[in-house]
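Asks: What follows is work_2.cif, mmCIF, C-alpha atoms.
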```cif
data_start
loop_
_atom_site.label_atom_id
_atom_site.label_comp_id
_atom_site.auth_asym_id
_atom_site.auth_seq_id
_atom_site.Cartn_x
_atom_site.Cartn_y
_atom_site.Cartn_z
CA MET I 665 41.39 27.11 81.82
CA ASN I 666 41.86 23.79 80.01
CA VAL I 667 38.69 22.16 78.65
CA ALA I 668 38.23 18.72 77.08
CA LEU I 669 35.45 18.70 74.47
CA THR I 670 33.93 15.21 74.27
CA TYR I 671 31.87 14.41 71.18
CA ASN I 672 30.76 11.71 68.74
CA VAL I 673 31.29 12.03 64.99
CA LYS I 674 28.49 11.76 62.43
CA ARG I 675 29.79 9.83 59.44
CA ASN I 676 26.59 8.81 57.63
CA LYS I 677 23.93 10.79 55.83
CA PRO I 678 20.38 10.54 57.24
CA SER I 679 18.55 7.55 55.74
CA VAL I 680 15.08 6.06 56.11
CA GLY I 681 16.74 2.70 56.78
CA LEU I 682 16.85 2.22 60.55
CA GLU I 683 20.20 0.45 60.36
CA LYS I 684 21.70 3.60 58.78
CA GLN I 685 20.36 5.97 61.45
CA ILE I 686 22.88 4.77 64.06
CA ASP I 687 24.83 8.05 64.23
CA ILE I 688 22.00 10.47 63.46
CA GLU I 689 22.35 12.15 66.87
CA PHE I 690 26.10 12.69 66.52
CA ASP I 691 27.79 15.93 65.42
CA THR I 692 29.46 16.73 62.13
CA PRO I 693 33.12 17.81 62.27
CA GLN I 694 31.95 21.35 61.44
CA VAL I 695 29.76 21.50 64.56
CA THR I 696 32.55 20.14 66.76
CA GLN I 697 34.99 22.70 65.35
CA ALA I 698 32.51 25.51 66.05
CA GLU I 699 32.12 24.32 69.65
CA LYS I 700 35.92 24.20 70.04
CA GLU I 701 36.31 27.71 68.67
CA ALA I 702 33.56 29.01 70.96
CA ILE I 703 35.31 27.55 74.01
CA GLU I 704 38.68 28.94 72.92
CA SER I 705 37.20 32.40 72.27
CA PHE I 706 37.04 32.87 76.05
CA GLY I 707 40.78 32.29 76.37
CA HIS I 708 40.50 28.60 77.28
CA LYS I 709 42.50 25.81 75.70
CA ALA I 710 40.30 23.07 74.23
CA PHE I 711 41.31 19.42 73.79
CA LEU I 712 39.23 17.37 71.35
CA VAL I 713 38.31 13.94 72.73
CA GLU I 714 36.22 11.68 70.50
CA ALA I 715 33.96 9.58 72.73
CA ASP I 716 34.89 6.25 71.19
CA GLU I 717 35.94 2.96 72.83
CA ASN I 718 39.19 4.58 73.99
CA ALA I 719 37.51 7.56 75.69
CA PHE I 720 38.38 6.40 79.21
CA LEU I 721 42.08 6.11 78.41
CA LYS I 722 42.11 9.47 76.63
CA LEU I 723 40.52 11.26 79.58
CA LYS I 724 42.71 9.40 82.06
CA LYS I 725 45.79 10.72 80.26
CA LEU I 726 44.36 14.24 80.41
CA LYS I 727 43.55 14.08 84.12
CA GLY I 728 45.53 16.76 85.90
CA LYS I 729 45.89 18.71 82.65
CA ILE I 730 42.23 19.69 82.22
CA ASP I 731 39.90 21.58 84.53
CA ILE I 732 36.56 20.43 83.11
CA VAL I 733 34.94 18.39 80.32
CA PHE I 734 32.46 20.08 77.99
CA ASN I 735 30.37 17.04 77.17
CA VAL I 736 28.16 16.80 74.08
CA ALA I 737 28.79 13.07 73.45
CA GLU I 738 25.65 10.98 72.91
CA GLY I 739 27.47 7.72 73.63
CA LEU I 740 28.17 4.85 71.27
CA TRP I 741 25.43 2.33 72.06
CA GLY I 742 23.43 0.74 74.84
CA GLU I 743 20.31 1.66 76.79
CA ALA I 744 22.20 4.20 78.93
CA ARG I 745 24.72 5.40 76.32
CA GLU I 746 24.39 9.08 77.28
CA THR I 747 25.90 8.24 80.66
CA GLN I 748 29.18 6.91 79.23
CA ILE I 749 31.22 10.13 79.40
CA PRO I 750 29.63 11.34 82.68
CA MET I 751 30.41 7.95 84.26
CA ILE I 752 34.02 8.12 83.09
CA CYS I 753 34.28 11.64 84.51
CA GLU I 754 32.79 10.45 87.81
CA ILE I 755 35.31 7.60 88.02
CA LEU I 756 38.22 9.91 87.22
CA ARG I 757 36.79 12.74 89.35
CA ILE I 758 36.87 15.24 86.50
CA PRO I 759 34.17 17.98 86.46
CA TYR I 760 31.86 18.01 83.44
CA THR I 761 29.00 19.98 81.91
CA HIS I 762 25.39 18.88 81.54
CA SER I 763 23.50 16.37 83.69
CA GLY I 764 24.75 13.43 85.70
CA PRO I 765 24.45 9.73 84.85
CA THR I 766 21.18 9.11 86.68
CA THR I 767 19.38 11.98 84.95
CA HIS I 768 20.67 10.95 81.51
CA THR I 769 19.61 7.34 82.13
CA ILE I 770 16.07 8.31 83.11
CA SER I 771 15.57 10.92 80.39
CA LEU I 772 16.76 8.68 77.55
CA ASP I 773 14.12 6.10 78.54
CA LYS I 774 10.86 7.73 77.44
CA SER I 775 8.64 5.35 79.40
CA PHE I 776 10.65 5.64 82.61
CA THR I 777 10.65 9.45 82.35
CA LYS I 778 6.86 9.45 82.09
CA LEU I 779 6.57 7.15 85.12
CA VAL I 780 8.73 9.55 87.15
CA LEU I 781 6.79 12.64 86.09
CA HIS I 782 3.24 11.32 85.86
CA GLY I 783 0.94 13.13 88.23
CA ALA I 784 3.72 15.28 89.64
CA ASN I 785 2.30 18.75 90.23
CA GLY I 786 -0.15 18.48 87.37
CA ILE I 787 2.27 17.19 84.71
CA ASN I 788 0.24 15.28 82.11
CA VAL I 789 1.69 12.44 80.02
CA PRO I 790 0.01 10.41 77.25
CA ASP I 791 -1.08 6.89 78.16
CA SER I 792 1.41 4.34 76.83
CA ARG I 793 2.83 0.82 77.02
CA VAL I 794 6.33 -0.52 76.39
CA VAL I 795 6.84 -3.49 74.06
CA ARG I 796 9.87 -5.56 75.03
CA GLY I 797 9.29 -8.77 73.07
CA ARG I 798 6.93 -10.77 70.90
CA ASP I 799 4.57 -11.67 73.74
CA TYR I 800 3.26 -8.16 74.15
CA ILE I 801 -0.29 -7.10 74.99
CA ILE I 802 -1.71 -3.72 74.05
CA PRO I 803 -4.76 -3.18 76.28
CA ASP I 804 -8.04 -1.91 74.86
CA SER I 805 -7.78 1.03 77.26
CA LEU I 806 -5.09 2.47 74.97
CA LYS I 807 -7.13 4.36 72.38
CA PHE I 808 -6.34 4.80 68.68
CA PRO I 809 -4.73 6.63 67.03
CA LEU I 810 -1.44 5.48 68.52
CA ILE I 811 2.15 6.40 67.78
CA ILE I 812 5.09 3.97 67.97
CA LYS I 813 8.53 5.26 68.98
CA PRO I 814 11.85 3.67 69.89
CA ASN I 815 11.86 3.92 73.67
CA SER I 816 15.46 5.11 74.00
CA GLU I 817 16.33 7.22 70.97
CA GLY I 818 16.43 10.90 70.00
CA SER I 819 16.49 13.11 66.89
CA SER I 820 13.30 11.38 65.67
CA LYS I 821 15.37 8.26 65.00
CA GLY I 822 12.98 5.50 63.98
CA VAL I 823 9.90 7.75 64.21
CA MET I 824 8.52 7.51 60.68
CA ASP I 825 5.30 9.04 59.37
CA LYS I 826 3.76 5.54 59.19
CA ASN I 827 4.26 5.15 62.94
CA VAL I 828 0.96 6.90 63.60
CA VAL I 829 -1.50 4.02 63.34
CA ARG I 830 -5.27 3.77 63.50
CA ASN I 831 -5.90 0.02 63.62
CA ARG I 832 -4.37 -3.14 65.13
CA LYS I 833 -3.06 -4.47 61.82
CA ASP I 834 -0.90 -1.39 61.23
CA LEU I 835 0.02 -1.31 64.92
CA LYS I 836 1.42 -4.84 64.74
CA SER I 837 3.36 -4.08 61.56
CA ARG I 838 4.94 -0.86 62.83
CA ILE I 839 5.86 -2.41 66.19
CA GLU I 840 7.80 -5.10 64.37
CA VAL I 841 9.55 -2.62 62.07
CA THR I 842 10.36 -0.04 64.75
CA SER I 843 11.57 -2.64 67.24
CA GLU I 844 13.84 -4.02 64.50
CA ASN I 845 12.14 -7.40 64.82
CA PHE I 846 11.88 -7.06 68.63
CA ALA I 847 15.59 -6.42 69.13
CA LYS I 848 14.80 -3.06 70.78
CA GLU I 849 12.15 -1.69 73.13
CA VAL I 850 9.42 0.45 71.60
CA LEU I 851 6.90 2.76 73.19
CA VAL I 852 3.27 2.57 72.06
CA GLU I 853 1.65 5.85 73.04
CA GLU I 854 -1.69 7.54 72.55
CA TYR I 855 -1.28 10.09 69.78
CA ILE I 856 -2.10 13.63 70.92
CA GLU I 857 -3.70 15.59 68.08
CA GLY I 858 -2.79 19.25 68.43
CA ARG I 859 0.04 21.78 68.57
CA GLU I 860 3.64 20.88 69.39
CA PHE I 861 6.14 22.97 71.35
CA THR I 862 9.80 22.59 72.21
CA VAL I 863 11.37 24.47 75.09
CA ALA I 864 15.05 25.26 75.68
CA ILE I 865 15.92 25.79 79.32
CA ILE I 866 19.28 26.82 80.74
CA GLY I 867 20.60 27.38 84.26
CA ASN I 868 20.70 25.82 87.70
CA GLY I 869 18.61 26.58 90.78
CA ASN I 870 16.16 28.88 89.03
CA PRO I 871 16.74 28.02 85.35
CA ARG I 872 15.91 30.39 82.54
CA VAL I 873 13.32 29.34 79.97
CA LEU I 874 14.32 30.63 76.54
CA PRO I 875 11.69 31.74 74.00
CA ILE I 876 9.25 28.89 73.35
CA ILE I 877 9.27 27.32 69.89
CA GLU I 878 6.22 25.94 68.10
CA GLN I 879 6.83 23.24 65.51
CA LYS I 880 4.84 23.96 62.33
CA PHE I 881 3.49 21.27 60.04
CA ASP I 882 1.83 23.15 57.18
CA PHE I 883 4.79 22.53 54.85
CA LEU I 884 4.35 18.76 54.98
CA PRO I 885 2.73 17.08 51.95
CA LYS I 886 -1.02 16.55 52.20
CA GLY I 887 -1.93 13.38 54.05
CA MET I 888 1.19 13.23 56.22
CA ASN I 889 0.77 13.12 59.97
CA LYS I 890 1.52 16.29 61.91
CA ILE I 891 4.44 14.92 63.91
CA ALA I 892 8.14 15.73 64.17
CA SER I 893 8.95 12.58 62.22
CA PHE I 894 12.21 11.48 60.65
CA GLU I 895 10.86 12.63 57.29
CA LEU I 896 9.99 16.08 58.64
CA LYS I 897 13.38 16.65 60.28
CA TRP I 898 15.68 15.10 57.70
CA GLN I 899 13.83 15.49 54.39
CA TYR I 900 11.19 18.22 54.29
CA GLU I 901 12.74 20.78 56.65
CA ASP I 902 16.00 20.61 54.70
CA SER I 903 14.20 21.42 51.45
CA LEU I 904 12.55 24.62 52.74
CA ARG I 905 13.63 27.88 51.15
CA ASP I 906 12.76 29.74 54.34
CA LEU I 907 13.47 27.72 57.49
CA HIS I 908 11.03 29.90 59.44
CA ASP I 909 8.25 27.99 57.66
CA ALA I 910 9.12 25.10 60.00
CA TYR I 911 8.67 26.93 63.31
CA ASP I 912 7.60 30.03 65.18
CA CYS I 913 9.98 31.43 67.77
CA PRO I 914 8.71 32.86 69.96
CA ALA I 915 5.57 30.77 69.69
CA LYS I 916 2.33 32.65 69.06
CA ILE I 917 0.58 31.79 72.31
CA ASP I 918 -1.20 33.70 75.04
CA LYS I 919 0.40 34.63 78.35
CA LYS I 920 -1.47 31.96 80.31
CA LEU I 921 -0.17 29.11 78.14
CA GLU I 922 3.31 30.64 78.08
CA GLU I 923 3.41 30.68 81.88
CA GLU I 924 2.08 27.10 82.08
CA ILE I 925 4.79 25.84 79.72
CA GLU I 926 7.52 27.78 81.52
CA ASN I 927 6.43 26.65 85.00
CA THR I 928 6.03 23.02 83.87
CA SER I 929 9.48 23.10 82.28
CA ARG I 930 11.12 24.39 85.45
CA GLU I 931 9.30 21.74 87.50
CA ILE I 932 10.48 18.94 85.18
CA PHE I 933 14.02 20.35 85.25
CA LYS I 934 13.92 20.22 89.07
CA LEU I 935 12.24 16.80 89.41
CA LEU I 936 14.75 15.11 87.08
CA ASP I 937 17.73 16.92 88.65
CA VAL I 938 18.76 18.34 85.27
CA ARG I 939 21.95 20.40 85.23
CA ASP I 940 22.98 23.31 83.03
CA CYS I 941 20.55 22.87 80.12
CA ALA I 942 17.95 20.71 78.41
CA ARG I 943 15.22 20.80 75.78
CA ILE I 944 11.66 19.62 76.53
CA ASP I 945 8.91 18.68 74.05
CA TYR I 946 5.16 19.08 74.58
CA ARG I 947 1.85 18.59 72.83
CA LEU I 948 -1.22 20.75 73.45
CA ASP I 949 -4.40 18.82 72.67
CA GLN I 950 -7.50 20.29 71.08
CA ASN I 951 -9.01 20.91 74.52
CA GLY I 952 -6.03 22.98 75.63
CA LYS I 953 -4.46 20.30 77.83
CA LEU I 954 -0.66 20.28 77.89
CA PHE I 955 1.14 16.92 77.65
CA PHE I 956 4.82 16.26 78.29
CA LEU I 957 6.37 14.13 75.51
CA GLU I 958 10.08 13.86 76.24
CA ILE I 959 13.22 15.65 77.42
CA ASN I 960 16.65 15.86 75.83
CA THR I 961 19.36 16.46 78.43
CA LEU I 962 22.03 16.68 75.72
CA PRO I 963 20.29 19.01 73.26
CA GLY I 964 21.93 19.49 69.88
CA ILE I 965 23.72 22.83 69.45
CA ASN I 966 24.37 23.19 65.74
CA PRO I 967 25.62 26.78 65.22
CA SER I 968 24.55 27.18 61.57
CA PRO I 969 21.65 29.59 60.98
CA ASP I 970 21.04 27.69 57.72
CA GLU I 971 20.09 24.50 59.59
CA ILE I 972 17.38 23.86 62.14
CA SER I 973 18.74 23.23 65.63
CA TYR I 974 16.17 24.31 68.16
CA PHE I 975 18.27 25.04 71.24
CA PRO I 976 20.49 27.57 69.38
CA ILE I 977 17.40 29.01 67.66
CA ALA I 978 15.82 29.74 71.04
CA ALA I 979 19.12 31.16 72.30
CA ARG I 980 19.46 33.46 69.28
CA THR I 981 15.88 34.66 69.76
CA ALA I 982 16.81 35.46 73.37
CA GLY I 983 19.72 37.56 72.09
CA MET I 984 22.52 35.06 72.74
CA SER I 985 25.11 34.25 70.09
CA PHE I 986 26.30 30.67 69.66
CA THR I 987 29.54 31.56 71.44
CA GLU I 988 27.69 33.19 74.34
CA MET I 989 25.42 30.12 74.64
CA VAL I 990 28.38 27.73 74.81
CA GLY I 991 30.09 30.04 77.30
CA GLU I 992 27.03 30.16 79.55
CA ILE I 993 26.72 26.36 79.66
CA LEU I 994 30.41 26.10 80.51
CA ASN I 995 30.18 28.82 83.16
CA LEU I 996 27.14 27.18 84.78
CA ALA I 997 29.05 23.92 85.17
CA CYS I 998 32.09 25.74 86.56
CA GLU I 999 29.90 27.47 89.14
CA ARG I 1000 28.47 24.10 90.24
CA TYR I 1001 31.98 22.78 90.88
CA GLY I 1002 33.36 26.01 92.33
CA ILE I 1003 35.88 26.36 89.49
CA LYS I 1004 37.19 29.89 89.29
CA PHE I 1005 38.97 31.43 86.32
CA ASP I 1006 39.62 34.82 84.78
CA ARG I 1007 36.51 35.80 82.77
CA SER I 1008 37.89 39.14 81.60
#
```
Show this structure as structure tokens.

Replies:
Amino acid sequence: MNVALTYNVKRNKPSVGLEKQIDIEFDTPQVTQAEKEAIESFGHKAFLVEADENAFLKLKKLKGKIDIVFNVAEGLWGEARETQIPMICEILRIPYTHSGPTTHTISLDKSFTKLVLHGANGINVPDSRVVRGRDYIIPDSLKFPLIIKPNSEGSSKGVMDKNVVRNRKDLKSRIEVTSENFAKEVLVEEYIEGREFTVAIIGNGNPRVLPIIEQKFDFLPKGMNKIASFELKWQYEDSLRDLHDAYDCPAKIDKKLEEEIENTSREIFKLLDVRDCARIDYRLDQNGKLFFLEINTLPGINPSPDEISYFPIAARTAGMSFTEMVGEILNLACERYGIKFDRS
């Protein structure tokens, strides 16, 4: 089988400057090469297609030569950038892995996702408001502390430790910084004090929930907020001698909470029409109430055991190698399209 691997290239090192975080979600050449080798290990031929401004022409030339696209491209820019490769594939009628354009569009918009899920079968979401310009109003009903996030970003891009605020002065300042002087939408959300979990889920129909991961915060310097901030992901985690200090997998939770997280994850997967795989983040407040935070329908799959990439960590804990994980995602997509090939 011939497979086109679509990807974006990370060319910059992580930086606290928002203008330098533009490609933070993209993959290094080493990750892309590992994905290519995993695909080829099953006897397939892989074509590398960088998802740049010429992606449509590249895939158009490959039409008729490839059977499916293995898509891990985050998209270049725009409020629906994750839909760029799926839309091209839809236009060219080329099968592809992961979710469709509508699901990617909804899931990238944190506020819209919460609107879709709020109240659905007991799914709890934090109260929030979106700021789209200078004439914003934050109602008194939104209780401090609050956290400010870019509304359509991932990988903790723009989520700095200072974004947890406890008064209106700091709120105003961080809104202006995070919105890049109101050039981008930001989400102002009630901060949920408590434990944080991330859940990798894979499959279609009755998807499989991989071992639940709990994000740990004890390694952060005293006084820092217990959030998966840019600093945590790109500064303090990288300096750990033992990466297991950053997480527990499987999470140390009782069976009741485990079942609640698993059932909620499957429900979200179904409601958003997610395909093949995703990663979902939650907070558990101090009263034991579970809150959905966000979903990543293009979860990072860095193969290195020396770096933290939560979807592969959950897969390894479940007994799947990186190659087996890539193969399962590819096979799931092929089954959806009725693509048959020799799996011997």

Asks: Could you list the residues chosen by the PyMOL selection byres ((chain I and resi 971) around 12) in this structure as a list in words?

Replies: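 Listing what the PyMOL selection byres ((chain I and resi 971) around 12) selects in the shown file: Val695, Lys897, Trp898, Glu901, Asp902, Ser903, Leu904, Arg905, Asp906, Leu907, His908, Ala910, Gly964, Ile965, Asn966, Pro967, Ser968, Pro969, Asp970, Ile972, Ser973, Tyr974, Phe975, Pro976 and Ile977 of chain I.
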
Asks: Kindly export the residues of the current selection with C-alpha atoms, as an mmCIF file, in the coordinates of the input.

Replies:
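selection-v1.cif was written with the following content:
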```
data_model
loop_
_atom_site.group_PDB
_atom_site.id
_atom_site.type_symbol
_atom_site.label_atom_id
_atom_site.label_comp_id
_atom_site.auth_asym_id
_atom_site.auth_seq_id
_atom_site.Cartn_x
_atom_site.Cartn_y
_atom_site.Cartn_z
ATOM 1 C CA VAL I 695 29.760 21.500 64.560
ATOM 2 C CA LYS I 897 13.380 16.650 60.280
ATOM 3 C CA TRP I 898 15.680 15.100 57.700
ATOM 4 C CA GLU I 901 12.740 20.780 56.650
ATOM 5 C CA ASP I 902 16.000 20.610 54.700
ATOM 6 C CA SER I 903 14.200 21.420 51.450
ATOM 7 C CA LEU I 904 12.550 24.620 52.740
ATOM 8 C CA ARG I 905 13.630 27.880 51.150
ATOM 9 C CA ASP I 906 12.760 29.740 54.340
ATOM 10 C CA LEU I 907 13.470 27.720 57.490
ATOM 11 C CA HIS I 908 11.030 29.900 59.440
ATOM 12 C CA ALA I 910 9.120 25.100 60.000
ATOM 13 C CA GLY I 964 21.930 19.490 69.880
ATOM 14 C CA ILE I 965 23.720 22.830 69.450
ATOM 15 C CA ASN I 966 24.370 23.190 65.740
ATOM 16 C CA PRO I 967 25.620 26.780 65.220
ATOM 17 C CA SER I 968 24.550 27.180 61.570
ATOM 18 C CA PRO I 969 21.650 29.590 60.980
ATOM 19 C CA ASP I 970 21.040 27.690 57.720
ATOM 20 C CA ILE I 972 17.380 23.860 62.140
ATOM 21 C CA SER I 973 18.740 23.230 65.630
ATOM 22 C CA TYR I 974 16.170 24.310 68.160
ATOM 23 C CA PHE I 975 18.270 25.040 71.240
ATOM 24 C CA PRO I 976 20.490 27.570 69.380
ATOM 25 C CA ILE I 977 17.400 29.010 67.660
#
```

Asks: Evaluate the PyMOL selection byres ((chain I and resi 704) around 12) here and jot the selected residues down as number ranges by chain.

Replies: I: 665-669, 697-703, 705-712, 734, 987-988, 990-991, 994

Asks: Next, the residues of the selection above should be written as a tab-separated table (two decimals), in the frame of the given file with C-alpha atoms.

Replies:
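Final file, result_0.tsv:
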```
chain	number	residue	atom	x	y	z
I	665	MET	CA	41.39	27.11	81.82
I	666	ASN	CA	41.86	23.79	80.01
I	667	VAL	CA	38.69	22.16	78.65
I	668	ALA	CA	38.23	18.72	77.08
I	669	LEU	CA	35.45	18.70	74.47
I	697	GLN	CA	34.99	22.70	65.35
I	698	ALA	CA	32.51	25.51	66.05
I	699	GLU	CA	32.12	24.32	69.65
I	700	LYS	CA	35.92	24.20	70.04
I	701	GLU	CA	36.31	27.71	68.67
I	702	ALA	CA	33.56	29.01	70.96
I	703	ILE	CA	35.31	27.55	74.01
I	705	SER	CA	37.20	32.40	72.27
I	706	PHE	CA	37.04	32.87	76.05
I	707	GLY	CA	40.78	32.29	76.37
I	708	HIS	CA	40.50	28.60	77.28
I	709	LYS	CA	42.50	25.81	75.70
I	710	ALA	CA	40.30	23.07	74.23
I	711	PHE	CA	41.31	19.42	73.79
I	712	LEU	CA	39.23	17.37	71.35
I	734	PHE	CA	32.46	20.08	77.99
I	987	THR	CA	29.54	31.56	71.44
I	988	GLU	CA	27.69	33.19	74.34
I	990	VAL	CA	28.38	27.73	74.81
I	991	GLY	CA	30.09	30.04	77.30
I	994	LEU	CA	30.41	26.10	80.51
```

Asks: Suppose you want the space between CA of Pro790 (chain I) and CA of Leu935 (chain I); what is it in Å?

Replies: 18.4 Å

Asks: Excluding Ile752 (chain I) and any residue of its chain fewer than 2 positions from it, enumerate the residues within 10 Å of it, using only C-alpha atoms, and give them as a list in words.

Replies: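 Selected residues are Ala719, Phe720, Leu721, Leu723, Lys724, Thr747, Gln748, Ile749, Pro750, Glu754, Ile755, Leu756, Arg757, Ile758 and Pro765 of chain I.
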
Asks: Using the chain letters and numbers from the file, which residues does the PyMOL selection byres ((chain I and resi 956-958) around 10) grab, as a PyMOL selection string?

Replies: chain I and resi 771-775+777-778+781-782+787-790+818+853+856+860-862+925+928-929+932+943-948+954-955+959-961

Asks: Of the residues I:Glu922, I:Glu817, I:Glu999, I:Glu992, which is the one nearest to Gly869 (chain I), using only C-alpha atoms?

Replies: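 Closest residue, counting only C-alpha atoms: I:Glu999.
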
Asks: To one decimal in Å, tell me the separation between CA of Asp791 (chain I) and CA of Lys813 (chain I).

Replies: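 We find that CA of Asp791 (chain I) and CA of Lys813 (chain I) lie 13.4 Å from each other.
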
Asks: CA of Arg793 (chain I) and CA of Arg930 (chain I), how far apart in Å?

Replies: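 Going from CA of Arg930 (chain I) over to CA of Arg793 (chain I), I get 26.4 Å.
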
Asks: For Thr767 (chain I), which residue out of I:Cys753, I:Ile865, I:Ala744, I:Ile839 is the nearest one, using all atoms listed in the file?

Replies: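 Of I:Cys753, I:Ile865, I:Ala744, I:Ile839, the one nearest Thr767 (chain I), counting all atoms listed in the file, is I:Ala744.
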
Asks: Would you list the contacts of Leu810 (chain I) as a PDB file with C-alpha atoms, in the coordinates of the input, taking every protein, DNA or RNA residue within 9 Å and counting all atoms listed in the file, but skipping same-chain residues closer than 4 positions in sequence?

Replies:
```
ATOM      1  CA  SER I 792       1.410   4.340  76.830  1.00  0.00           C
ATOM      2  CA  LEU I 806      -5.090   2.470  74.970  1.00  0.00           C
ATOM      3  CA  ASN I 827       4.260   5.150  62.940  1.00  0.00           C
ATOM      4  CA  VAL I 828       0.960   6.900  63.600  1.00  0.00           C
ATOM      5  CA  VAL I 829      -1.500   4.020  63.340  1.00  0.00           C
ATOM      6  CA  ARG I 830      -5.270   3.770  63.500  1.00  0.00           C
ATOM      7  CA  ASN I 831      -5.900   0.020  63.620  1.00  0.00           C
ATOM      8  CA  LEU I 835       0.020  -1.310  64.920  1.00  0.00           C
ATOM      9  CA  VAL I 852       3.270   2.570  72.060  1.00  0.00           C
ATOM     10  CA  GLU I 853       1.650   5.850  73.040  1.00  0.00           C
ATOM     11  CA  GLU I 854      -1.690   7.540  72.550  1.00  0.00           C
ATOM     12  CA  TYR I 855      -1.280  10.090  69.780  1.00  0.00           C
ATOM     13  CA  ILE I 856      -2.100  13.630  70.920  1.00  0.00           C
TER      14      ILE I 856
END
```

Asks: How about completing region 947-964 of chain I with N, CA and C atoms and giving it to me as an mmCIF file, in the frame of the given file?

Replies:
```
data_model
loop_
_atom_site.group_PDB
_atom_site.id
_atom_site.type_symbol
_atom_site.label_atom_id
_atom_site.label_comp_id
_atom_site.auth_asym_id
_atom_site.auth_seq_id
_atom_site.Cartn_x
_atom_site.Cartn_y
_atom_site.Cartn_z
ATOM 1 N N ARG I 947 3.003 18.489 73.718
ATOM 2 C CA ARG I 947 1.850 18.590 72.830
ATOM 3 C C ARG I 947 0.707 19.260 73.583
ATOM 4 N N LEU I 948 -0.035 20.106 72.898
ATOM 5 C CA LEU I 948 -1.220 20.750 73.450
ATOM 6 C C LEU I 948 -2.420 20.184 72.695
ATOM 7 N N ASP I 949 -3.294 19.447 73.396
ATOM 8 C CA ASP I 949 -4.400 18.820 72.670
ATOM 9 C C ASP I 949 -5.467 19.839 72.312
ATOM 10 N N GLN I 950 -6.481 19.369 71.603
ATOM 11 C CA GLN I 950 -7.500 20.290 71.080
ATOM 12 C C GLN I 950 -8.394 20.869 72.161
ATOM 13 N N ASN I 951 -8.273 20.347 73.394
ATOM 14 C CA ASN I 951 -9.010 20.910 74.520
ATOM 15 C C ASN I 951 -8.149 21.837 75.366
ATOM 16 N N GLY I 952 -6.910 22.078 74.907
ATOM 17 C CA GLY I 952 -6.030 22.980 75.630
ATOM 18 C C GLY I 952 -5.267 22.349 76.768
ATOM 19 N N LYS I 953 -5.180 21.008 76.779
ATOM 20 C CA LYS I 953 -4.460 20.300 77.830
ATOM 21 C C LYS I 953 -3.033 20.034 77.386
ATOM 22 N N LEU I 954 -2.072 20.399 78.229
ATOM 23 C CA LEU I 954 -0.660 20.280 77.890
ATOM 24 C C LEU I 954 -0.125 18.916 78.317
ATOM 25 N N PHE I 955 0.567 18.237 77.385
ATOM 26 C CA PHE I 955 1.140 16.920 77.650
ATOM 27 C C PHE I 955 2.656 16.957 77.455
ATOM 28 N N PHE I 956 3.377 16.458 78.438
ATOM 29 C CA PHE I 956 4.820 16.260 78.290
ATOM 30 C C PHE I 956 5.066 15.072 77.365
ATOM 31 N N LEU I 957 6.005 15.229 76.403
ATOM 32 C CA LEU I 957 6.370 14.130 75.510
ATOM 33 C C LEU I 957 7.721 13.535 75.881
ATOM 34 N N GLU I 958 8.756 14.373 75.915
ATOM 35 C CA GLU I 958 10.080 13.860 76.240
ATOM 36 C C GLU I 958 11.029 15.015 76.547
ATOM 37 N N ILE I 959 12.190 14.664 77.112
ATOM 38 C CA ILE I 959 13.220 15.650 77.420
ATOM 39 C C ILE I 959 14.539 15.192 76.843
ATOM 40 N N ASN I 960 15.310 16.133 76.357
ATOM 41 C CA ASN I 960 16.650 15.860 75.830
ATOM 42 C C ASN I 960 17.648 16.592 76.708
ATOM 43 N N THR I 961 18.399 15.833 77.510
ATOM 44 C CA THR I 961 19.360 16.460 78.430
ATOM 45 C C THR I 961 20.711 16.712 77.786
ATOM 46 N N LEU I 962 20.862 16.322 76.525
ATOM 47 C CA LEU I 962 22.030 16.680 75.720
ATOM 48 C C LEU I 962 21.530 17.285 74.403
ATOM 49 N N PRO I 963 20.882 18.442 74.468
ATOM 50 C CA PRO I 963 20.290 19.010 73.260
ATOM 51 C C PRO I 963 21.347 19.367 72.221
ATOM 52 N N GLY I 964 21.005 19.135 70.960
ATOM 53 C CA GLY I 964 21.930 19.490 69.880
ATOM 54 C C GLY I 964 22.159 20.990 69.834
#
```
